[in-house]
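Asker: So that you have it, the file is input22.cif, and it contains mmCIF, C-alpha atoms:
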```cif
data_run
loop_
_atom_site.label_atom_id
_atom_site.label_comp_id
_atom_site.auth_asym_id
_atom_site.auth_seq_id
_atom_site.Cartn_x
_atom_site.Cartn_y
_atom_site.Cartn_z
CA MET Y 300 48.77 -58.35 -8.38
CA LYS Y 301 50.23 -61.48 -6.81
CA PHE Y 302 51.40 -59.50 -3.77
CA TRP Y 303 47.94 -58.00 -3.12
CA ARG Y 304 46.28 -61.40 -3.54
CA GLU Y 305 48.65 -63.08 -1.09
CA ALA Y 306 48.56 -60.16 1.36
CA ALA Y 307 44.75 -60.21 1.33
CA GLY Y 308 44.91 -63.94 1.99
CA ILE Y 309 47.13 -63.46 5.04
CA VAL Y 310 44.92 -60.67 6.38
CA VAL Y 311 41.71 -62.67 5.84
CA LEU Y 312 43.29 -65.66 7.61
CA ALA Y 313 44.33 -63.36 10.45
CA PHE Y 314 40.78 -62.00 10.82
CA ALA Y 315 39.35 -65.52 10.84
CA ALA Y 316 41.87 -66.76 13.39
CA ALA Y 317 41.27 -63.69 15.57
CA ALA Y 318 37.50 -64.22 15.44
CA ILE Y 319 37.78 -67.89 16.42
CA SER Y 320 40.37 -67.20 19.09
CA ASN Y 321 38.30 -64.38 20.63
CA ALA Y 322 35.08 -66.38 20.48
CA THR Y 323 36.64 -69.30 22.34
CA ALA Y 324 38.63 -67.18 24.82
CA GLY Y 325 37.83 -67.07 28.51
CA ARG Y 326 36.16 -63.99 30.00
CA GLU Y 327 39.47 -62.45 31.07
CA ARG Y 328 40.96 -62.78 27.60
CA LYS Y 329 37.94 -61.75 25.54
CA LEU Y 330 37.90 -58.37 23.80
CA ALA Y 331 34.93 -56.57 22.28
CA TRP Y 332 35.66 -55.86 18.60
CA LEU Y 333 34.08 -52.43 18.73
CA GLY Y 334 34.90 -51.53 22.32
CA ARG Y 335 37.13 -48.70 23.47
CA PRO Y 336 40.11 -49.40 25.71
CA PRO Y 337 40.08 -47.79 29.16
CA THR Y 338 42.85 -45.30 28.34
CA ALA Y 339 40.72 -43.89 25.49
CA ALA Y 340 37.55 -43.63 27.57
CA ALA Y 341 35.95 -40.22 27.79
CA ALA Y 342 36.84 -38.32 30.94
CA GLU Y 343 33.42 -36.74 31.03
CA ARG Y 344 31.28 -37.61 33.96
CA THR Y 345 28.44 -39.88 32.86
CA ALA Y 346 25.20 -40.59 34.61
CA PRO Y 347 25.01 -43.99 36.27
CA ALA Y 348 23.95 -46.64 33.78
CA PRO Y 349 20.22 -47.28 34.14
CA GLY Y 350 19.78 -50.63 35.78
CA SER Y 351 16.62 -52.23 37.03
CA ALA Y 352 14.04 -50.14 38.82
CA ALA Y 353 15.28 -51.65 42.08
CA THR Y 354 18.82 -50.24 41.68
CA PRO Y 355 19.34 -48.03 44.73
CA ALA Y 356 20.74 -44.53 44.46
CA PRO Y 357 23.88 -43.89 46.52
CA PRO Y 358 23.03 -42.80 50.07
CA PRO Y 359 23.22 -39.04 50.75
CA SER Y 360 26.43 -37.95 52.47
CA THR Y 361 24.74 -36.57 55.58
CA GLU Y 362 25.71 -39.48 57.81
CA PRO Y 363 28.41 -38.81 60.44
CA PRO Y 364 31.71 -40.66 60.00
CA PHE Y 365 31.55 -44.29 60.95
CA SER Y 366 32.52 -44.47 64.62
CA GLY Y 367 33.48 -48.10 64.69
CA GLY Y 368 30.28 -49.44 66.22
CA PRO Y 369 28.09 -52.09 64.56
CA ALA Y 370 26.40 -51.05 61.34
CA PRO Y 371 22.62 -50.63 61.40
CA SER Y 372 21.03 -53.87 60.24
CA GLY Y 373 20.29 -54.09 56.53
CA GLN Y 374 22.79 -51.36 55.60
CA LEU Y 375 26.42 -51.34 54.54
CA PRO Y 376 28.79 -49.68 57.04
CA ALA Y 377 29.58 -46.10 56.00
CA ILE Y 378 33.11 -45.53 54.72
CA PRO Y 379 35.04 -43.45 57.26
CA ALA Y 380 35.82 -39.81 56.53
CA SER Y 381 39.37 -39.12 55.39
CA PRO Y 382 41.93 -39.06 58.22
CA ALA Y 383 44.53 -37.90 55.70
CA GLY Y 384 42.73 -34.62 55.10
CA ILE Y 385 41.66 -35.42 51.55
CA ALA Y 386 38.52 -33.44 50.85
CA PRO Y 387 36.03 -34.44 48.16
CA HIS Y 388 36.89 -32.92 44.77
CA PRO Y 389 33.84 -33.15 42.53
CA ALA Y 390 35.37 -30.86 39.90
CA GLN Y 391 38.23 -33.20 39.07
CA PRO Y 392 38.36 -36.95 38.57
CA PHE Y 393 41.07 -37.72 41.12
CA ALA Y 394 43.65 -36.35 43.51
CA GLU Y 395 47.13 -37.87 43.57
CA ILE Y 396 48.26 -38.84 47.04
CA THR Y 397 51.60 -39.71 48.58
CA SER Y 398 52.65 -42.92 50.31
CA ALA Y 399 52.05 -41.40 53.73
CA GLN Y 400 48.56 -40.25 52.78
CA ALA Y 401 47.78 -43.69 51.34
CA LYS Y 402 48.90 -45.35 54.58
CA ALA Y 403 46.82 -42.92 56.66
CA LEU Y 404 43.77 -43.72 54.52
CA PHE Y 405 44.49 -47.44 54.86
CA ASP Y 406 44.69 -47.14 58.66
CA GLY Y 407 41.42 -45.21 58.55
CA GLY Y 408 39.66 -48.05 56.74
CA ALA Y 409 39.30 -46.45 53.30
CA VAL Y 410 38.43 -48.67 50.33
CA PHE Y 411 41.46 -49.60 48.21
CA ILE Y 412 41.04 -50.74 44.63
CA ASP Y 413 43.76 -52.42 42.58
CA ALA Y 414 43.62 -51.37 38.91
CA ARG Y 415 46.22 -53.86 37.69
CA ARG Y 416 45.60 -57.09 35.83
CA SER Y 417 44.14 -59.96 37.82
CA ALA Y 418 47.34 -61.96 37.57
CA ALA Y 419 49.33 -59.13 39.16
CA TYR Y 420 46.64 -58.78 41.86
CA ARG Y 421 46.92 -62.47 42.72
CA GLU Y 422 50.69 -62.21 43.06
CA GLY Y 423 50.29 -59.54 45.69
CA HIS Y 424 48.06 -56.60 46.56
CA VAL Y 425 47.38 -54.15 49.35
CA ARG Y 426 45.63 -56.11 52.08
CA GLY Y 427 41.88 -55.68 51.86
CA SER Y 428 41.96 -54.11 48.41
CA ARG Y 429 39.63 -55.32 45.70
CA SER Y 430 40.47 -55.84 42.06
CA ILE Y 431 38.98 -53.90 39.16
CA SER Y 432 41.36 -54.36 36.27
CA VAL Y 433 40.95 -51.65 33.63
CA GLY Y 434 42.47 -54.10 31.15
CA ASP Y 435 39.55 -56.52 31.42
CA SER Y 436 36.60 -56.34 29.07
CA ASP Y 437 34.19 -56.25 32.02
CA ALA Y 438 35.86 -53.31 33.81
CA ASP Y 439 32.84 -51.05 33.26
CA ALA Y 440 30.51 -53.74 34.64
CA LYS Y 441 32.65 -54.04 37.78
CA VAL Y 442 32.65 -50.27 38.25
CA LYS Y 443 28.87 -50.27 37.98
CA ALA Y 444 28.64 -53.16 40.44
CA PHE Y 445 30.84 -51.22 42.87
CA TYR Y 446 28.57 -48.20 42.43
CA ASP Y 447 25.50 -50.40 43.05
CA GLU Y 448 26.94 -51.40 46.44
CA GLY Y 449 25.92 -47.96 47.65
CA HIS Y 450 29.21 -46.56 48.94
CA ASP Y 451 29.37 -42.97 50.17
CA ALA Y 452 30.21 -40.81 47.17
CA ASN Y 453 32.27 -38.39 49.32
CA ALA Y 454 34.32 -40.96 51.21
CA PRO Y 455 37.88 -41.45 49.96
CA ILE Y 456 38.57 -44.34 47.64
CA VAL Y 457 42.22 -45.13 46.95
CA VAL Y 458 43.11 -46.52 43.53
CA TYR Y 459 46.57 -47.83 42.72
CA CYS Y 460 48.49 -49.72 40.08
CA SER Y 461 52.18 -50.29 39.42
CA GLY Y 462 53.53 -46.78 40.01
CA GLY Y 463 56.01 -45.15 37.63
CA ASP Y 464 54.31 -44.32 34.33
CA CYS Y 465 51.42 -46.70 34.92
CA GLU Y 466 48.16 -44.91 34.15
CA ASP Y 467 45.73 -47.72 34.89
CA SER Y 468 44.88 -46.20 38.26
CA HIS Y 469 44.15 -42.83 36.65
CA GLU Y 470 41.85 -44.46 34.12
CA LEU Y 471 39.99 -46.39 36.81
CA ALA Y 472 39.72 -43.19 38.84
CA ARG Y 473 38.05 -41.46 35.87
CA LYS Y 474 35.56 -44.30 35.59
CA LEU Y 475 34.72 -44.08 39.29
CA TRP Y 476 34.40 -40.29 39.10
CA GLY Y 477 32.14 -40.84 36.12
CA VAL Y 478 29.70 -42.72 38.35
CA THR Y 479 29.67 -39.85 40.89
CA PHE Y 480 32.41 -40.85 43.33
CA ASP Y 481 33.84 -37.43 44.23
CA ASN Y 482 36.80 -38.41 46.39
CA VAL Y 483 38.90 -40.80 44.34
CA CYS Y 484 42.58 -40.71 45.28
CA VAL Y 485 45.30 -42.11 43.07
CA TYR Y 486 48.18 -43.60 45.05
CA ARG Y 487 50.85 -42.39 42.66
CA ASP Y 488 53.72 -44.74 43.61
CA GLY Y 489 51.49 -47.80 43.60
CA PHE Y 490 51.93 -51.33 44.84
CA PRO Y 491 55.71 -51.59 44.36
CA ASP Y 492 56.14 -48.69 46.79
CA TRP Y 493 53.64 -50.18 49.27
CA GLU Y 494 55.36 -53.53 49.25
CA LYS Y 495 58.83 -51.96 49.51
CA ARG Y 496 57.76 -50.18 52.70
CA GLY Y 497 56.68 -53.46 54.26
CA TRP Y 498 53.04 -52.46 54.66
CA PRO Y 499 50.25 -55.06 54.81
CA VAL Y 500 50.04 -57.22 51.69
CA SER Y 501 47.86 -60.16 50.73
CA ARG Y 502 48.18 -62.71 47.95
CA GLY Y 503 45.66 -64.71 45.99
CA ASP Y 504 42.16 -63.82 44.87
CA ALA Y 505 40.77 -62.86 48.25
CA PRO Y 506 41.11 -59.23 49.42
CA MET T 711 77.94 -67.59 -15.53
CA ALA T 712 75.10 -65.02 -15.45
CA ARG T 713 76.06 -61.39 -16.04
CA PHE T 714 73.90 -58.26 -15.83
CA PRO T 715 74.68 -54.62 -16.77
CA GLY T 716 76.30 -52.83 -13.80
CA ARG T 717 76.44 -55.97 -11.65
CA ARG T 718 79.31 -58.26 -10.82
CA ALA T 719 79.00 -61.76 -12.16
CA VAL T 720 77.03 -64.06 -9.86
CA THR T 721 79.33 -67.02 -9.51
CA PRO T 722 77.94 -70.35 -8.31
CA ARG T 723 79.74 -69.92 -4.95
CA ARG T 724 78.38 -66.43 -4.45
CA SER T 725 74.98 -67.64 -5.49
CA ARG T 726 75.14 -70.39 -2.86
CA LEU T 727 76.22 -67.92 -0.18
CA LEU T 728 73.46 -65.53 -1.16
CA ARG T 729 70.87 -68.29 -1.09
CA PHE T 730 72.04 -69.35 2.38
CA ALA T 731 72.01 -65.75 3.64
CA VAL T 732 68.51 -65.17 2.27
CA LEU T 733 67.32 -68.43 3.86
CA ALA T 734 68.88 -67.55 7.22
CA GLY T 735 67.47 -64.03 7.17
CA ARG T 736 64.02 -65.25 6.18
CA ILE T 737 63.91 -67.86 8.94
CA LEU T 738 65.30 -65.45 11.55
CA LEU T 739 62.66 -62.87 10.71
CA GLY T 740 59.95 -65.53 10.70
CA VAL T 741 60.93 -66.93 14.09
CA VAL T 742 61.10 -63.44 15.63
CA PHE T 743 57.60 -62.65 14.42
CA ILE T 744 56.17 -65.98 15.61
CA VAL T 745 57.70 -65.52 19.06
CA ALA T 746 56.49 -61.92 19.25
CA ALA T 747 52.94 -62.84 18.24
CA GLY T 748 52.47 -65.52 20.92
CA PRO T 749 51.99 -63.37 24.05
CA LYS T 750 49.79 -60.91 22.16
CA ILE T 751 47.50 -63.69 20.92
CA ALA T 752 47.35 -65.09 24.45
CA ASP T 753 46.27 -61.80 26.03
CA PRO T 754 44.47 -59.39 23.68
CA PRO T 755 43.19 -57.03 26.42
CA ALA T 756 46.74 -56.43 27.66
CA PHE T 757 47.95 -55.82 24.10
CA ALA T 758 45.03 -53.43 23.48
CA HIS T 759 46.05 -51.56 26.60
CA MET T 760 49.62 -51.28 25.29
CA ILE T 761 48.46 -50.02 21.89
CA ALA T 762 46.27 -47.42 23.62
CA ASN T 763 49.25 -46.25 25.70
CA TYR T 764 51.04 -45.19 22.52
CA ARG T 765 48.33 -42.51 22.12
CA LEU T 766 48.60 -42.67 18.33
CA PHE T 767 45.64 -44.68 17.13
CA PRO T 768 41.90 -44.01 16.89
CA ALA T 769 40.30 -45.45 20.01
CA SER T 770 37.57 -47.22 18.05
CA LEU T 771 40.15 -49.27 16.10
CA ILE T 772 42.37 -50.35 18.97
CA HIS T 773 40.47 -53.48 19.95
CA ALA T 774 40.27 -54.74 16.36
CA ALA T 775 43.99 -54.03 15.90
CA ALA T 776 44.83 -55.87 19.13
CA LEU T 777 42.88 -58.90 17.92
CA VAL T 778 44.06 -59.04 14.29
CA LEU T 779 47.63 -57.67 14.21
CA PRO T 780 49.15 -60.52 16.27
CA TRP T 781 47.67 -63.04 13.86
CA VAL T 782 49.07 -61.12 10.88
CA GLU T 783 52.45 -61.33 12.65
CA MET T 784 51.97 -65.04 13.31
CA PHE T 785 50.96 -65.98 9.76
CA SER T 786 53.66 -63.77 8.25
CA GLY T 787 56.21 -65.47 10.49
CA ILE T 788 54.99 -68.93 9.54
CA ALA T 789 55.05 -68.06 5.84
CA LEU T 790 58.62 -66.76 6.16
CA VAL T 791 59.81 -69.89 7.95
CA LEU T 792 58.08 -72.30 5.56
CA GLY T 793 58.98 -70.30 2.46
CA VAL T 794 55.35 -70.11 1.33
CA ALA T 795 54.44 -66.69 -0.16
CA TRP T 796 57.48 -65.54 1.78
CA ARG T 797 58.11 -62.40 -0.27
CA THR T 798 54.60 -61.12 0.50
CA ALA T 799 55.02 -62.11 4.13
CA GLY T 800 58.39 -60.37 4.20
CA LYS T 801 56.85 -57.14 2.89
CA LEU T 802 54.05 -57.36 5.47
CA ALA T 803 56.63 -57.94 8.19
CA ALA T 804 58.62 -54.95 6.98
CA ALA T 805 55.46 -52.79 6.99
CA LEU T 806 54.72 -53.87 10.58
CA LEU T 807 58.29 -53.06 11.58
CA VAL T 808 58.02 -49.59 10.05
CA ALA T 809 54.76 -49.03 11.95
CA PHE T 810 56.40 -50.14 15.24
CA LEU T 811 59.41 -47.89 14.56
CA VAL T 812 57.22 -44.87 13.89
CA SER T 813 55.12 -45.53 17.02
CA ILE T 814 58.13 -45.85 19.28
CA GLY T 815 59.96 -43.00 17.58
CA VAL T 816 57.07 -40.57 18.03
CA ASN T 817 56.73 -41.43 21.72
CA LEU T 818 60.48 -41.12 22.24
CA ALA T 819 60.37 -37.69 20.61
CA ARG T 820 57.58 -36.74 23.05
CA ASP T 821 59.59 -38.20 25.95
CA ARG T 822 56.63 -40.47 26.71
CA ALA T 823 57.77 -43.72 28.24
CA VAL T 824 55.62 -46.63 27.10
CA GLN T 825 56.13 -50.34 27.44
CA CYS T 826 56.81 -51.72 24.00
CA GLY T 827 54.60 -54.79 24.33
CA CYS T 828 56.71 -56.38 21.58
CA PHE T 829 57.44 -59.71 23.25
CA ASP T 830 55.76 -59.33 26.62
CA VAL T 831 52.41 -57.61 27.10
CA HIS T 832 52.74 -57.59 30.88
CA GLY T 833 56.23 -56.83 32.05
CA PRO T 834 57.26 -55.72 35.53
CA PRO T 835 56.83 -52.07 36.52
CA LYS T 836 59.76 -49.90 35.42
CA SER T 837 60.89 -46.34 35.93
CA HIS T 838 60.64 -43.64 33.27
CA ALA T 839 64.38 -43.80 32.58
CA GLN T 840 64.33 -47.60 32.26
CA LEU T 841 61.44 -47.49 29.80
CA ILE T 842 63.07 -44.77 27.68
CA GLY T 843 66.28 -46.82 27.55
CA GLU T 844 64.31 -49.89 26.55
CA MET T 845 62.51 -47.97 23.82
CA ARG T 846 65.86 -46.91 22.32
CA MET T 847 67.04 -50.54 22.29
CA VAL T 848 63.78 -51.62 20.66
CA LEU T 849 64.28 -48.95 18.00
CA LEU T 850 67.76 -50.29 17.21
CA ARG T 851 66.54 -53.86 17.20
CA ASP T 852 63.66 -53.11 14.85
CA VAL T 853 65.98 -51.19 12.49
CA ALA T 854 68.22 -54.28 12.39
CA LEU T 855 65.23 -56.54 11.69
CA LEU T 856 64.09 -54.17 8.95
CA GLY T 857 67.58 -54.45 7.48
CA VAL T 858 67.30 -58.24 7.52
CA ALA T 859 63.91 -58.06 5.81
CA ALA T 860 65.18 -55.63 3.18
CA PHE T 861 68.22 -57.79 2.51
CA ALA T 862 66.19 -60.99 2.19
CA LEU T 863 63.73 -59.33 -0.20
CA ALA T 864 66.41 -57.65 -2.30
CA ALA T 865 68.87 -60.57 -2.37
CA GLY T 866 66.05 -62.98 -3.08
CA LYS T 867 65.10 -60.89 -6.11
CA THR T 868 68.72 -60.93 -7.29
CA LYS T 869 68.71 -64.72 -6.97
CA GLU T 870 65.59 -64.90 -9.18
CA GLU T 871 67.13 -62.62 -11.78
CA ALA T 872 70.23 -64.81 -11.86
CA ALA T 873 68.21 -67.93 -12.68
CA PRO T 874 67.95 -68.33 -16.49
CA GLY T 875 64.42 -67.66 -17.68
CA PRO T 876 62.70 -68.84 -20.85
CA ALA T 877 63.97 -67.27 -24.14
CA ARG T 878 61.70 -64.55 -25.51
#
```
With the file now loaded, output its structure as structure tokens.

Answerer:
Amino acid sequence: MKFWREAAGIVVLAFAAAAISNATAGRERKLAWLGRPPTAAAAERTAPAPGSAATPAPPPSTEPPFSGGPAPSGQLPAIPASPAGIAPHPAQPFAEITSAQAKALFDGGAVFIDARRSAAYREGHVRGSRSISVGDSDADAKVKAFYDEGHDANAPIVVYCSGGDCEDSHELARKLWGVTFDNVCVYRDGFPDWEKRGWPVSRGDAP
Amino acid sequence: MARFPGRRAVTPRRSRLLRFAVLAGRILLGVVFIVAAGPKIADPPAFAHMIANYRLFPASLIHAAALVLPWVEMFSGIALVLGVAWRTAGKLAAALLVAFLVSIGVNLARDRAVQCGCFDVHGPPKSHAQLIGEMRMVLLRDVALLGVAAFALAAGKTKEEAAPGPAR
């Protein structure tokens, strides 16, 4: 009886401390009590979250590849078609690509997204890449914001993390595929490989 | 001196040694748990990610576990160090160790390399072979800690039995 009483006391204290700690935590450290971590997220494609009536649908992929000239006023520049020969793959969430393919896509101006934690991103990331950490509680909001930017759903997007057994990039790729991006490429060997090859790297919060 | 059926006599010297060993084991276990809890309390999303990587727990419970378990570790560790409700804390610590052992053991059996997240929820990127090697070391370490917990709980009970109680 004494054991159960004391054990319940420790557990109740732990719940209380966790609640206070989570309530006072910064955005990056906060966790939803009933949320689901990114690695457990459904792989099913979901319809884009309904936003305001003014949320634009992604532009149709009938535009020719961006030729390098100035973008029409009022519109985002179209993402170039894949120079690495990666075709859109709407039936599967992602295609794994090699270092050489990642570099070719980088040289072609493809969007790179870093799936690692923000601290790792600040220490070093592929130059020009943006950060969407699947470990953050607002990862889904960032994916939706990226979708709302109106990028071409068939243009290649390269997602990477730390290589090896890291699966953050795969989870982010599933989220992006879930909001209708059909050409998400996972750079399998990730940032350590990129940096080891001496390819362009930036540090800090800016891409 | 106290004498019990089937047990050697607990001499004062042996009693002192036992008490010291129990104290040392209790404090060691407590400090380990306090140190392990710190990084997890500081970064719950990273710890949730690590729990999810084990692929053993219901997804809907992972966030709650990532928030509460580190505090259970912390308070158990503090109780062990201060000697307050330490036997209960020791049993909770042992239960947590068994859970960690099972989690790592199952993933080792599946040849799935996961970062333990025991003392560092971030950790630098490592190869499959490095992670598997680390998991084996963690398994050995946790078995040793479980041994310390079991000893402290068992030897502590022996100490209590040795102390003369009221006549019935």

Asker: Selected by the PyMOL selection byres ((chain Y) within 8 of (chain T)) in the shown coordinates: which residues, as an MDAnalysis selection string?

Answerer: chainID Y and resid 302 305:306 309:310 312:314 316:318 321 328:339 434:436 461:465 491

Asker: Residues of the last selection are to be written out with C-alpha atoms, as a compact mmCIF listing (two decimals), in the frame of the given file.

Answerer:
```
# COMPACT_ATOMS: atom_id res chain seq x y z
CA PHE Y 302 51.40 -59.50 -3.77
CA GLU Y 305 48.65 -63.08 -1.09
CA ALA Y 306 48.56 -60.16 1.36
CA ILE Y 309 47.13 -63.46 5.04
CA VAL Y 310 44.92 -60.67 6.38
CA LEU Y 312 43.29 -65.66 7.61
CA ALA Y 313 44.33 -63.36 10.45
CA PHE Y 314 40.78 -62.00 10.82
CA ALA Y 316 41.87 -66.76 13.39
CA ALA Y 317 41.27 -63.69 15.57
CA ALA Y 318 37.50 -64.22 15.44
CA ASN Y 321 38.30 -64.38 20.63
CA ARG Y 328 40.96 -62.78 27.60
CA LYS Y 329 37.94 -61.75 25.54
CA LEU Y 330 37.90 -58.37 23.80
CA ALA Y 331 34.93 -56.57 22.28
CA TRP Y 332 35.66 -55.86 18.60
CA LEU Y 333 34.08 -52.43 18.73
CA GLY Y 334 34.90 -51.53 22.32
CA ARG Y 335 37.13 -48.70 23.47
CA PRO Y 336 40.11 -49.40 25.71
CA PRO Y 337 40.08 -47.79 29.16
CA THR Y 338 42.85 -45.30 28.34
CA ALA Y 339 40.72 -43.89 25.49
CA GLY Y 434 42.47 -54.10 31.15
CA ASP Y 435 39.55 -56.52 31.42
CA SER Y 436 36.60 -56.34 29.07
CA SER Y 461 52.18 -50.29 39.42
CA GLY Y 462 53.53 -46.78 40.01
CA GLY Y 463 56.01 -45.15 37.63
CA ASP Y 464 54.31 -44.32 34.33
CA CYS Y 465 51.42 -46.70 34.92
CA PRO Y 491 55.71 -51.59 44.36
```

Asker: Take CA of Gly489 in chain Y and CA of Arg820 in chain T and report the distance between them in Å, one decimal.

Answerer: 24.1 Å

Asker: Quick one, how far is CA of Gly800 in chain T from CA of Val812 in chain T?

Answerer: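 Interatomic distance, CA of Gly800 in chain T to CA of Val812 in chain T: 18.3 Å.
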
Asker: Selected by the PyMOL selection byres ((chain Y and resi 405-414) around 6) in the shown coordinates: which residues, as a list in words?

Answerer: Lys402, Ala403, Leu404, Arg415, Ser428, Arg429, Ser430, Ile431, Ser432, Val433, Ile456, Val457, Val458, Tyr459, Cys460, Asp467 and Ser468 of chain Y

Asker: In Å to one decimal, how far is CA of His424 in chain Y from CA of Val500 in chain Y?

Answerer: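 Those two atoms sit 5.5 Å apart.
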
Asker: Enumerate, as an NGL selection string, the residues matched when the PyMOL selection byres ((chain T and resi 853) around 12) is run on the file above.

Answerer: :T and (804-812 or 814-815 or 846-852 or 854-860)

Asker: Neighbouring residues of Ala452 in chain Y were defined as those with any atom within 7 Å, considering all atoms listed in the file; residues of the same chain fewer than 2 positions away were excluded. Please report them as a short mmCIF file (atom, residue, chain, number, x, y, z; two decimals) with C-alpha atoms, keeping the file's coordinate frame.

Answerer:
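Dumped to around.cif:
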```
data_model
loop_
_atom_site.label_atom_id
_atom_site.label_comp_id
_atom_site.auth_asym_id
_atom_site.auth_seq_id
_atom_site.Cartn_x
_atom_site.Cartn_y
_atom_site.Cartn_z
CA HIS Y 450 29.21 -46.56 48.94
CA ALA Y 454 34.32 -40.96 51.21
CA THR Y 479 29.67 -39.85 40.89
CA PHE Y 480 32.41 -40.85 43.33
CA ASP Y 481 33.84 -37.43 44.23
#
```

Asker: Residues within 12 Å of Gly866 in chain T, please, as a JSON list (two decimals) with C-alpha atoms, keeping the file's coordinate frame. Count all atoms listed in the file; anything in the same chain fewer than 4 positions from it doesn't count.

Answerer:
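The result, written out as out_32.json:
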```json
[["chain", "number", "residue", "atom", "x", "y", "z"],
["T", 725, "SER", "CA", 74.98, -67.64, -5.49],
["T", 726, "ARG", "CA", 75.14, -70.39, -2.86],
["T", 727, "LEU", "CA", 76.22, -67.92, -0.18],
["T", 728, "LEU", "CA", 73.46, -65.53, -1.16],
["T", 729, "ARG", "CA", 70.87, -68.29, -1.09],
["T", 730, "PHE", "CA", 72.04, -69.35, 2.38],
["T", 731, "ALA", "CA", 72.01, -65.75, 3.64],
["T", 732, "VAL", "CA", 68.51, -65.17, 2.27],
["T", 733, "LEU", "CA", 67.32, -68.43, 3.86],
["T", 734, "ALA", "CA", 68.88, -67.55, 7.22],
["T", 735, "GLY", "CA", 67.47, -64.03, 7.17],
["T", 736, "ARG", "CA", 64.02, -65.25, 6.18],
["T", 793, "GLY", "CA", 58.98, -70.30, 2.46],
["T", 796, "TRP", "CA", 57.48, -65.54, 1.78],
["T", 797, "ARG", "CA", 58.11, -62.40, -0.27],
["T", 800, "GLY", "CA", 58.39, -60.37, 4.20],
["T", 858, "VAL", "CA", 67.30, -58.24, 7.52],
["T", 859, "ALA", "CA", 63.91, -58.06, 5.81],
["T", 860, "ALA", "CA", 65.18, -55.63, 3.18],
["T", 861, "PHE", "CA", 68.22, -57.79, 2.51],
["T", 862, "ALA", "CA", 66.19, -60.99, 2.19],
["T", 870, "GLU", "CA", 65.59, -64.90, -9.18],
["T", 871, "GLU", "CA", 67.13, -62.62, -11.78],
["T", 872, "ALA", "CA", 70.23, -64.81, -11.86],
["T", 873, "ALA", "CA", 68.21, -67.93, -12.68]]
```

Asker: From the options T:Met845, T:Ala803, T:Leu818, T:Gln840, which residue's atoms come nearest to Leu738 in chain T, counting all atoms listed in the file?

Answerer: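 With all atoms listed in the file as the atom set, the closest residue is T:Ala803.
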